[in-house]
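So this block is work_29.csv, CSV, C-alpha atoms and all ligand atoms:
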```csv
chain,number,residue,atom,x,y,z
A,1,MET,CA,-17.2,-13.6,19.1
A,2,LEU,CA,-18.1,-11.1,16.4
A,3,ASN,CA,-21.6,-10.5,15.0
A,4,GLY,CA,-22.3,-8.7,11.7
A,5,VAL,CA,-23.1,-8.8,8.1
A,6,HIS,CA,-20.7,-10.8,5.9
A,7,TYR,CA,-19.3,-8.3,3.3
A,8,LYS,CA,-19.6,-10.8,0.4
A,9,THR,CA,-22.8,-12.7,1.1
A,10,ASN,CA,-24.7,-9.9,2.9
A,11,ASN,CA,-25.9,-12.5,5.4
A,12,PRO,CA,-25.8,-11.9,9.2
A,13,VAL,CA,-23.1,-14.2,10.7
A,14,LYS,CA,-21.6,-15.0,14.1
A,15,ILE,CA,-17.8,-15.5,14.0
A,16,THR,CA,-15.8,-17.2,16.7
A,17,PHE,CA,-12.0,-17.4,17.0
A,18,GLU,CA,-9.5,-19.8,18.3
A,19,LYS,CA,-6.1,-18.3,19.0
A,20,ASP,CA,-5.2,-16.3,15.9
A,21,LEU,CA,-7.6,-18.2,13.5
A,22,ILE,CA,-11.3,-18.0,12.6
A,23,ALA,CA,-12.8,-21.0,14.3
A,24,SER,CA,-16.3,-20.7,12.8
A,25,ILE,CA,-18.6,-18.6,10.7
A,26,LYS,CA,-22.3,-19.4,11.3
A,27,LEU,CA,-25.3,-17.9,9.6
A,28,ASP,CA,-27.7,-16.5,12.1
A,29,LYS,CA,-30.9,-15.0,10.6
A,30,THR,CA,-32.1,-13.8,14.0
A,31,LEU,CA,-29.3,-11.2,14.2
A,32,GLN,CA,-30.5,-7.6,13.9
A,33,THR,CA,-27.5,-5.6,12.8
A,34,ASP,CA,-26.2,-3.4,10.0
A,35,ASN,CA,-22.6,-3.7,11.1
A,36,MET,CA,-20.5,-5.2,8.4
A,37,ILE,CA,-17.5,-7.6,8.8
A,38,CYS,CA,-14.7,-7.9,6.3
A,39,PRO,CA,-11.0,-8.9,6.3
A,40,GLY,CA,-8.6,-6.4,7.8
A,41,LEU,CA,-7.0,-3.9,5.4
A,42,VAL,CA,-3.6,-4.5,3.9
A,43,ASP,CA,-1.6,-1.5,2.7
A,44,LEU,CA,1.7,-2.2,0.8
A,45,GLN,CA,2.7,1.5,0.6
A,46,ILE,CA,2.9,3.6,3.8
A,47,ASN,CA,5.5,6.3,4.0
A,48,GLY,CA,4.2,7.5,7.3
A,49,PHE,CA,1.1,8.3,9.3
A,50,LYS,CA,0.0,10.6,12.2
A,51,GLY,CA,3.1,12.8,12.2
A,52,VAL,CA,5.7,10.0,11.8
A,53,ASP,CA,7.7,9.7,8.6
A,54,PHE,CA,9.6,6.5,8.0
A,55,ASN,CA,12.0,8.4,5.8
A,56,GLU,CA,13.0,11.1,8.2
A,57,GLU,CA,16.3,10.8,10.1
A,58,GLY,CA,16.1,9.6,13.6
A,59,LEU,CA,13.1,7.2,13.4
A,60,SER,CA,12.6,5.5,16.7
A,61,VAL,CA,11.2,2.1,17.7
A,62,ASP,CA,8.4,4.0,19.6
A,63,SER,CA,7.4,5.9,16.5
A,64,VAL,CA,7.1,2.6,14.5
A,65,VAL,CA,4.9,1.3,17.3
A,66,LEU,CA,2.8,4.5,17.3
A,67,VAL,CA,2.2,4.3,13.5
A,68,THR,CA,1.2,0.7,13.8
A,69,ARG,CA,-1.3,1.4,16.6
A,70,GLU,CA,-2.7,4.4,14.6
A,71,LEU,CA,-3.1,2.2,11.5
A,72,TRP,CA,-5.1,-0.3,13.6
A,73,LYS,CA,-7.5,2.6,14.2
A,74,ALA,CA,-7.8,3.0,10.5
A,75,GLY,CA,-8.6,-0.7,9.9
A,76,VAL,CA,-5.2,-1.7,8.7
A,77,THR,CA,-4.1,-5.2,10.0
A,78,SER,CA,-1.0,-5.6,7.7
A,79,TYR,CA,1.2,-3.1,6.1
A,80,PHE,CA,4.6,-2.5,4.5
A,81,PRO,CA,6.5,0.5,5.8
A,82,THR,CA,7.8,2.1,2.6
A,83,LEU,CA,11.3,3.5,2.4
A,84,ILE,CA,11.9,5.9,-0.5
A,85,THR,CA,15.2,6.9,-2.1
A,86,ASN,CA,17.6,8.0,0.5
A,87,SER,CA,21.3,7.7,1.4
A,88,ASP,CA,22.7,4.2,2.1
A,89,GLU,CA,23.3,5.3,5.7
A,90,ASN,CA,19.6,6.4,6.2
A,91,ILE,CA,18.2,3.3,4.6
A,92,CYS,CA,20.4,1.1,6.9
A,93,ALA,CA,19.3,3.0,10.0
A,94,THR,CA,15.6,2.9,9.2
A,95,LEU,CA,15.7,-0.8,8.4
A,96,GLU,CA,17.5,-1.5,11.6
A,97,THR,CA,14.8,0.5,13.6
A,98,ILE,CA,11.9,-1.3,12.0
A,99,GLU,CA,13.6,-4.6,12.6
A,100,GLN,CA,14.1,-3.7,16.3
A,101,ALA,CA,10.4,-2.7,16.6
A,102,CYS,CA,9.3,-6.1,15.1
A,103,GLU,CA,11.7,-8.0,17.4
A,104,LYS,CA,10.4,-6.3,20.5
A,105,HIS,CA,6.7,-6.5,19.9
A,106,SER,CA,5.1,-9.6,18.5
A,107,LEU,CA,1.8,-7.9,17.3
A,108,ILE,CA,3.8,-5.2,15.6
A,109,ASP,CA,5.9,-7.9,13.9
A,110,LYS,CA,2.7,-9.6,12.7
A,111,THR,CA,1.3,-6.3,11.4
A,112,ILE,CA,4.4,-5.2,9.6
A,113,SER,CA,4.3,-8.1,7.3
A,114,GLY,CA,7.1,-6.8,5.1
A,115,ILE,CA,9.0,-3.7,4.0
A,116,HIS,CA,8.7,-2.0,0.6
A,117,LEU,CA,11.7,-0.3,-0.9
A,118,GLU,CA,10.5,2.4,-3.3
A,119,GLY,CA,13.9,3.4,-4.6
A,120,PRO,CA,16.7,4.2,-5.0
A,121,PHE,CA,16.8,2.2,-8.3
A,122,LEU,CA,14.4,4.5,-10.0
A,123,SER,CA,14.4,6.9,-13.0
A,124,SER,CA,16.6,9.9,-12.7
A,125,GLU,CA,14.4,11.8,-15.1
A,126,ASP,CA,12.4,14.8,-13.8
A,127,GLY,CA,8.7,13.9,-13.8
A,128,PRO,CA,8.9,10.1,-13.4
A,129,ARG,CA,11.3,10.6,-10.5
A,130,GLY,CA,8.7,12.6,-8.6
A,131,ALA,CA,10.0,13.8,-5.2
A,132,HIS,CA,12.8,11.1,-5.0
A,133,PRO,CA,16.1,13.0,-4.4
A,134,LEU,CA,18.3,12.8,-7.5
A,135,LYS,CA,21.6,12.6,-5.7
A,136,HIS,CA,20.6,9.2,-4.2
A,137,ILE,CA,19.1,7.6,-7.4
A,138,LYS,CA,21.2,4.7,-8.7
A,139,ALA,CA,21.2,1.7,-10.9
A,140,PRO,CA,19.9,-1.6,-9.5
A,141,ASP,CA,22.5,-3.2,-7.3
A,142,TRP,CA,21.9,-6.7,-6.0
A,143,ASP,CA,24.8,-6.6,-3.6
A,144,LEU,CA,23.5,-3.4,-2.0
A,145,LEU,CA,20.0,-4.9,-1.7
A,146,ASN,CA,21.5,-8.0,-0.1
A,147,LYS,CA,23.3,-5.9,2.5
A,148,TRP,CA,20.0,-4.1,3.3
A,149,GLN,CA,18.1,-7.4,3.4
A,150,THR,CA,20.6,-8.7,6.0
A,151,ILE,CA,20.1,-5.7,8.2
A,152,ALA,CA,16.3,-6.1,7.8
A,153,ARG,CA,16.6,-9.8,8.5
A,154,GLY,CA,14.7,-10.8,5.4
A,155,ARG,CA,11.8,-8.4,5.9
A,156,ILE,CA,12.2,-6.6,2.5
A,157,LYS,CA,9.4,-8.3,0.6
A,158,MET,CA,8.8,-5.7,-2.2
A,159,ILE,CA,10.8,-3.3,-4.3
A,160,THR,CA,9.8,-0.7,-6.8
A,161,ILE,CA,12.3,-0.1,-9.6
A,162,SER,CA,12.5,1.5,-13.0
A,163,PRO,CA,13.5,-1.1,-15.6
A,164,GLU,CA,15.2,1.6,-17.8
A,165,TRP,CA,18.5,0.6,-16.2
A,166,PRO,CA,20.5,-2.1,-18.2
A,167,GLU,CA,21.0,-4.0,-14.9
A,168,SER,CA,17.3,-4.4,-14.4
A,169,VAL,CA,16.6,-7.9,-15.9
A,170,ASN,CA,19.3,-9.7,-13.9
A,171,PHE,CA,18.3,-7.7,-10.8
A,172,ILE,CA,14.6,-8.7,-11.2
A,173,LYS,CA,15.5,-12.3,-11.6
A,174,CYS,CA,17.6,-12.3,-8.4
A,175,CYS,CA,14.7,-10.6,-6.5
A,176,ARG,CA,12.2,-13.2,-7.8
A,177,SER,CA,14.4,-16.1,-6.8
A,178,SER,CA,14.7,-14.7,-3.3
A,179,GLY,CA,11.0,-14.1,-3.0
A,180,ILE,CA,10.9,-10.3,-3.3
A,181,LEU,CA,7.9,-8.9,-5.3
A,182,VAL,CA,9.2,-6.5,-8.0
A,183,ALA,CA,7.1,-3.6,-9.0
A,184,ILE,CA,7.6,-1.1,-11.9
A,185,GLY,CA,7.3,2.6,-10.9
A,186,HIS,CA,8.8,6.0,-11.2
A,187,THR,CA,9.9,4.9,-14.6
A,188,ASN,CA,10.9,6.3,-18.0
A,189,ALA,CA,11.4,2.8,-19.4
A,190,ASN,CA,10.5,2.2,-23.1
A,191,GLU,CA,8.1,-0.6,-24.1
A,192,GLU,CA,10.7,-3.2,-24.7
A,193,GLN,CA,12.3,-2.5,-21.3
A,194,ILE,CA,8.9,-3.0,-19.6
A,195,ARG,CA,8.2,-6.2,-21.5
A,196,ASN,CA,11.7,-7.5,-20.5
A,197,ALA,CA,11.1,-6.6,-16.9
A,198,VAL,CA,7.8,-8.5,-16.9
A,199,GLN,CA,9.4,-11.5,-18.6
A,200,ALA,CA,12.1,-11.4,-15.9
A,201,GLY,CA,9.4,-11.5,-13.2
A,202,ALA,CA,8.1,-8.0,-12.4
A,203,ARG,CA,4.4,-8.3,-11.3
A,204,LEU,CA,3.1,-4.9,-10.3
A,205,SER,CA,2.9,-1.3,-11.5
A,206,THR,CA,3.4,1.0,-8.5
A,207,HIS,CA,0.7,3.8,-8.3
A,208,LEU,CA,0.0,3.5,-12.0
A,209,GLY,CA,-0.7,6.9,-13.6
A,210,ASN,CA,1.2,8.9,-11.0
A,211,ALA,CA,4.9,9.9,-11.0
A,212,THR,CA,4.9,10.3,-14.8
A,213,HIS,CA,5.8,13.1,-17.3
A,214,LEU,CA,3.1,15.7,-17.6
A,215,MET,CA,3.2,15.1,-21.4
A,216,LEU,CA,3.6,11.7,-23.1
A,217,PRO,CA,3.5,10.5,-26.7
A,218,ARG,CA,-0.1,9.6,-27.2
A,219,HIS,CA,0.3,6.1,-28.7
A,220,SER,CA,3.6,4.7,-27.4
A,221,ASN,CA,4.3,5.2,-23.7
A,222,TYR,CA,5.0,3.4,-20.5
A,223,ILE,CA,1.4,3.7,-19.2
A,224,TRP,CA,-0.2,1.9,-22.2
A,225,GLU,CA,2.5,-0.8,-22.1
A,226,GLN,CA,1.9,-1.5,-18.4
A,227,LEU,CA,-1.9,-1.5,-18.9
A,228,ALA,CA,-1.6,-3.9,-21.8
A,229,SER,CA,0.5,-6.5,-19.8
A,230,GLU,CA,-1.6,-9.4,-18.6
A,231,GLN,CA,1.0,-10.3,-16.0
A,232,LEU,CA,1.2,-6.9,-14.3
A,233,TRP,CA,-1.1,-6.0,-11.5
A,234,SER,CA,-1.5,-2.4,-10.6
A,235,SER,CA,-1.6,-0.4,-7.4
A,236,ILE,CA,-3.6,2.8,-7.4
A,237,ILE,CA,-4.0,5.7,-5.1
A,238,ALA,CA,-7.8,6.2,-5.2
A,239,ASP,CA,-7.9,9.1,-2.8
A,240,GLY,CA,-9.9,11.3,-5.1
A,241,PHE,CA,-7.0,13.6,-5.8
A,242,HIS,CA,-4.2,11.6,-7.5
A,243,LEU,CA,-6.3,10.2,-10.4
A,244,PRO,CA,-9.6,11.5,-11.9
A,245,PRO,CA,-12.7,9.3,-11.8
A,246,ALA,CA,-12.6,8.4,-15.6
A,247,LEU,CA,-9.0,7.2,-15.4
A,248,LEU,CA,-9.7,5.2,-12.2
A,249,LYS,CA,-12.7,3.6,-14.0
A,250,VAL,CA,-10.6,2.6,-17.1
A,251,PHE,CA,-7.6,1.3,-15.1
A,252,LEU,CA,-9.9,-0.8,-12.9
A,253,LYS,CA,-11.8,-2.2,-15.9
A,254,ILE,CA,-8.6,-3.2,-17.6
A,255,LYS,CA,-7.0,-4.6,-14.5
A,256,GLU,CA,-10.1,-6.2,-13.1
A,257,GLY,CA,-9.1,-8.7,-10.5
A,258,GLN,CA,-5.5,-7.5,-10.7
A,259,SER,CA,-5.8,-4.2,-8.9
A,260,ILE,CA,-4.9,-3.2,-5.3
A,261,LEU,CA,-5.4,0.0,-3.4
A,262,VAL,CA,-2.5,1.7,-1.6
A,263,SER,CA,-2.8,4.8,0.4
A,264,ASP,CA,0.8,5.9,-0.2
A,265,SER,CA,0.2,8.0,2.9
A,266,THR,CA,2.7,10.5,4.1
A,267,LYS,CA,3.1,11.5,7.8
A,268,PHE,CA,0.3,14.1,7.3
A,269,ALA,CA,-2.3,11.4,7.0
A,270,GLY,CA,-4.3,11.2,10.2
A,271,LEU,CA,-3.5,14.8,11.2
A,272,PRO,CA,-6.1,17.6,11.4
A,273,PRO,CA,-6.4,20.1,8.5
A,274,GLY,CA,-3.9,23.0,8.6
A,275,SER,CA,-0.6,24.3,7.4
A,276,TYR,CA,2.5,22.2,7.8
A,277,SER,CA,6.0,22.1,6.5
A,278,SER,CA,7.6,19.1,4.8
A,279,HIS,CA,11.3,18.3,4.5
A,280,ILE,CA,10.7,17.6,0.7
A,281,GLY,CA,8.1,20.1,-0.3
A,282,GLY,CA,8.5,23.1,2.1
A,283,ALA,CA,5.2,24.9,3.1
A,284,ILE,CA,2.2,22.6,2.5
A,285,GLU,CA,-1.5,22.7,3.3
A,286,LEU,CA,-3.9,19.9,4.3
A,287,ASN,CA,-7.5,21.0,3.6
A,288,SER,CA,-10.7,19.6,5.2
A,289,GLU,CA,-11.3,17.2,2.3
A,290,GLY,CA,-7.9,15.6,2.9
A,291,ARG,CA,-6.1,17.1,-0.1
A,292,LEU,CA,-2.4,17.8,0.6
A,293,PHE,CA,-0.9,20.5,-1.6
A,294,MET,CA,1.9,23.0,-2.0
A,295,LYS,CA,1.1,26.3,-0.4
A,296,ASP,CA,2.6,28.4,-3.1
A,297,LYS,CA,1.4,26.1,-6.0
A,298,PRO,CA,-2.1,24.9,-4.8
A,299,LYS,CA,-2.6,22.9,-8.0
A,300,MET,CA,0.4,20.7,-7.1
A,301,LEU,CA,-0.2,17.8,-4.7
A,302,ALA,CA,2.4,17.2,-1.9
A,303,GLY,CA,1.7,13.5,-1.5
A,304,SER,CA,-1.2,11.7,0.0
A,305,ALA,CA,-2.9,12.2,3.4
A,306,ARG,CA,-5.7,9.7,3.1
A,307,SER,CA,-6.1,6.2,4.5
A,308,LEU,CA,-7.4,3.1,2.7
A,309,LEU,CA,-10.8,3.7,4.4
A,310,ASN,CA,-11.0,7.1,2.6
A,311,CYS,CA,-10.0,5.5,-0.7
A,312,ILE,CA,-12.7,2.8,-0.3
A,313,ASP,CA,-15.3,5.5,0.4
A,314,HIS,CA,-14.2,7.5,-2.6
A,315,LEU,CA,-14.5,4.5,-5.0
A,316,VAL,CA,-17.9,3.6,-3.7
A,317,ASN,CA,-19.3,7.2,-3.5
A,318,SER,CA,-18.1,7.9,-7.0
A,319,GLU,CA,-19.9,4.7,-8.2
A,320,ILE,CA,-16.6,3.4,-9.6
A,321,THR,CA,-16.8,0.1,-7.8
A,322,SER,CA,-19.1,-1.8,-5.4
A,323,LEU,CA,-18.3,-1.7,-1.7
A,324,GLU,CA,-17.4,-5.4,-1.9
A,325,THR,CA,-14.9,-4.9,-4.7
A,326,ALA,CA,-13.3,-1.9,-3.1
A,327,LEU,CA,-12.9,-3.8,0.2
A,328,ASP,CA,-11.3,-6.7,-1.6
A,329,MET,CA,-8.8,-4.5,-3.4
A,330,ALA,CA,-7.8,-3.1,0.0
A,331,SER,CA,-7.6,-6.4,1.9
A,332,PHE,CA,-7.6,-9.8,0.2
A,333,LYS,CA,-6.2,-8.8,-3.2
A,334,PRO,CA,-2.8,-7.5,-2.0
A,335,LEU,CA,-2.4,-10.8,-0.1
A,336,GLU,CA,-3.2,-12.7,-3.3
A,337,LEU,CA,-0.6,-10.7,-5.2
A,338,LEU,CA,1.9,-11.7,-2.5
A,339,GLY,CA,0.9,-15.3,-2.7
A,340,LYS,CA,-0.4,-15.4,0.9
A,341,HIS,CA,-4.1,-15.7,0.0
A,342,TYR,CA,-4.3,-19.3,1.2
A,343,LEU,CA,-3.8,-18.0,4.8
A,344,TYR,CA,-6.3,-15.1,4.7
A,345,GLY,CA,-9.9,-14.2,3.9
A,346,MET,CA,-13.2,-14.6,5.7
A,347,GLU,CA,-13.3,-18.3,6.0
A,348,GLU,CA,-13.0,-20.9,8.8
A,349,GLY,CA,-9.4,-21.8,9.5
A,350,LYS,CA,-8.0,-18.6,8.1
A,351,LYS,CA,-6.2,-15.8,10.0
A,352,ALA,CA,-8.5,-13.8,12.3
A,353,ASP,CA,-7.6,-10.4,10.8
A,354,LEU,CA,-10.9,-8.6,10.5
A,355,ILE,CA,-12.6,-5.3,10.8
A,356,ILE,CA,-16.2,-4.5,11.7
A,357,PHE,CA,-17.7,-1.2,10.6
A,358,LYS,CA,-20.9,0.7,9.8
A,359,ARG,CA,-21.5,2.9,6.8
A,360,VAL,CA,-22.9,6.3,7.9
A,361,SER,CA,-23.8,9.0,5.3
A,362,GLY,CA,-21.4,7.5,2.7
A,363,LYS,CA,-18.6,7.0,5.1
A,364,ILE,CA,-17.1,3.9,6.7
A,365,ARG,CA,-17.2,4.3,10.5
A,366,LEU,CA,-14.8,1.7,11.9
A,367,LEU,CA,-16.0,0.0,15.1
A,368,LYS,CA,-13.4,-2.7,15.8
A,369,THR,CA,-10.1,-4.0,14.4
A,370,ILE,CA,-9.0,-7.6,15.1
A,371,LYS,CA,-5.4,-8.6,14.5
A,372,ALA,CA,-4.5,-12.3,14.9
A,373,GLY,CA,-7.6,-12.9,17.0
A,374,GLU,CA,-6.9,-9.9,19.3
A,375,VAL,CA,-9.0,-6.8,19.5
A,376,VAL,CA,-6.5,-4.1,18.7
A,377,TYR,CA,-9.0,-1.2,18.3
A,378,LYS,CA,-12.5,-0.6,19.6
A,379,ALA,CA,-14.4,2.7,18.9
B,1,ZN,ZN,6.0,6.9,-5.5
```

What do you get writing this file as structure tokens?
Ligand SMILES: [Zn+2]
Amino acid sequence: MLNGVHYKTNNPVKITFEKDLIASIKLDKTLQTDNMICPGLVDLQINGFKGVDFNEEGLSVDSVVLVTRELWKAGVTSYFPTLITNSDENICATLETIEQACEKHSLIDKTISGIHLEGPFLSSEDGPRGAHPLKHIKAPDWDLLNKWQTIARGRIKMITISPEWPESVNFIKCCRSSGILVAIGHTNANEEQIRNAVQAGARLSTHLGNATHLMLPRHSNYIWEQLASEQLWSSIIADGFHLPPALLKVFLKIKEGQSILVSDSTKFAGLPPGSYSSHIGGAIELNSEGRLFMKDKPKMLAGSARSLLNCIDHLVNSEITSLETALDMASFKPLELLGKHYLYGMEEGKKADLIIFKRVSGKIRLLKTIKAGEVVYKA
């Protein structure tokens, strides 16, 4: 049983569970509480957390379990470990480890609801390529993806590619027919290539506005084209550092109802402020506000170190969205994009994936996380 204020109706409710489902949600005006209940958070882009990097060599089953448990403490009930551009050997080894972790632990399996491949079929151009290693970038290759999918036992549910490669249209069609969500990202594609990708079935822009050239032609460029597409949703990193407030506001207005939040967190998320070293960036610094940057070039970000909860706080405190909208973009909306919305949400008969929290001085303080009807975190 769970008592709290429904995040959409603002009414006090009592929620009961039966196995992994919500059995009932009953209005109870006698409840005196300011605790809020909303669906568990869903993060489709997690590179690492709490010291564990999915992309470093030698990932172990135990570290996959550790990340998952730490994410429960950050309100996440479903996520996609995200594998960036790497050697074939490393990608195979990582997929194998994640697969083993899921086979071994049923709750881990339920929480890791898919794997996101962000690469290696991205732009080789400096700027859009971001931190993805050039030597491993390649053209979309369906046979290679199939090999990885076999190792992952079908767990690859999402792939970010750049449609500037001539192989893209066929590749996207193959992904769509096998149920893999295709996102456009780290791209130097022209407008026609983006339109063709959308027509072939691409449905999302990965962290729109980031991993781009520093300078772009003002009228014709890949950002406008993706913004203008009615079929494309967008994922955004709303951590307060990756995109300025005005841009966030514009993106969210244009993509109203078609935006999702991703943390894009690196292994430094969830760690205390301090100096660290990264295998990609060298010496980096995490400050007390959660900004992760290069030590010798403090203006340059070294990835994200914030969780979805921090991103929700940022959107609400900057008055960019309401709390309800921010929560939806971090929970229900990603599932809608994946076509799983009929299973989730705060309704009777839906999956009992929920969080209960309080807002204290403009910050969400998580009290409890429930995954498949089980309490997996309690403050
Ligand atoms: Zn990226």

Neighbourhood of ligand ZN 1 (chain B) at 10 Å, counting all atoms listed in the file, reported as a PyMOL selection string: chain A and resi 45+47+82+84-85+118-119+122+128-132+160+185-186+206-208+210-212+264+303

Neighbours of point (16.1, 0.2, -7.2) within 10 Å, using all atoms listed in the file, written as a VMD selection string: chain A and resid 84 to 85 117 to 123 137 to 142 144 to 145 159 to 163 165 168 171 to 172 182 to 185

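One distance worth recording is that between atom CA of A:Ile25 and atom CA of A:Met329, which is 22.2 Å.
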
Å distance separating atom CA of A:Glu191 from atom CA of A:Pro217, one decimal place: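 Taking atom CA of A:Glu191 as the start and atom CA of A:Pro217 as the end point, the length is 12.3 Å.
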
Using all atoms listed in the file: which of A:Met158, A:Ala189, A:Ile108, A:Ile91 has the shortest distance to A:His213: A:Ala189

Å distance separating atom CA of A:Glu347 from atom CA of A:Leu308, one decimal place: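 Value for the atom CA of A:Glu347-atom CA of A:Leu308 distance: 22.4 Å.
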
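The nearest approach to A:Arg69 among the residues A:Glu96, A:Ile112, A:Leu252, A:Asp88, with all atoms listed in the file taken into account, belongs to A:Ile112.
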
Find the spatial neighbours of A:Thr325, counting all atoms listed in the file, within a cut-off of 12 Å - ignore same-chain residues fewer than 6 positions away - and output them as a PDB file with C-alpha atoms, in the coordinates of the input.
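Final file, selection.pdb:
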```
ATOM      1  CA  TYR A   7     -19.300  -8.300   3.300  1.00  0.00           C
ATOM      2  CA  LYS A   8     -19.600 -10.800   0.400  1.00  0.00           C
ATOM      3  CA  CYS A  38     -14.700  -7.900   6.300  1.00  0.00           C
ATOM      4  CA  LEU A 252      -9.900  -0.800 -12.900  1.00  0.00           C
ATOM      5  CA  LYS A 253     -11.800  -2.200 -15.900  1.00  0.00           C
ATOM      6  CA  GLU A 256     -10.100  -6.200 -13.100  1.00  0.00           C
ATOM      7  CA  GLY A 257      -9.100  -8.700 -10.500  1.00  0.00           C
ATOM      8  CA  GLN A 258      -5.500  -7.500 -10.700  1.00  0.00           C
ATOM      9  CA  SER A 259      -5.800  -4.200  -8.900  1.00  0.00           C
ATOM     10  CA  ILE A 260      -4.900  -3.200  -5.300  1.00  0.00           C
ATOM     11  CA  LEU A 261      -5.400   0.000  -3.400  1.00  0.00           C
ATOM     12  CA  ILE A 312     -12.700   2.800  -0.300  1.00  0.00           C
ATOM     13  CA  ASP A 313     -15.300   5.500   0.400  1.00  0.00           C
ATOM     14  CA  LEU A 315     -14.500   4.500  -5.000  1.00  0.00           C
ATOM     15  CA  VAL A 316     -17.900   3.600  -3.700  1.00  0.00           C
ATOM     16  CA  GLU A 319     -19.900   4.700  -8.200  1.00  0.00           C
ATOM     17  CA  SER A 331      -7.600  -6.400   1.900  1.00  0.00           C
ATOM     18  CA  PHE A 332      -7.600  -9.800   0.200  1.00  0.00           C
ATOM     19  CA  LYS A 333      -6.200  -8.800  -3.200  1.00  0.00           C
TER      20      LYS A 333
END
```

Residue with smallest distance to A:Lys173 - pool A:Ile15, A:Leu2, A:Ala372, A:Ala200, counting all atoms listed in the file: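 Nearest to A:Lys173: A:Ala200.
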
Exercise: A:Asp53 partners within 9 Å, only C-alpha atoms, chain neighbours under 4 positions left out, as a PyMOL selection string: chain A and resi 47-49+57+59+63+266-268

Which of A:Gln32, A:Thr111, A:Ser106, A:Gln226 sits closest to A:Asp353 [using all atoms listed in the file]: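 Smallest separation from A:Asp353 among the options: A:Thr111.
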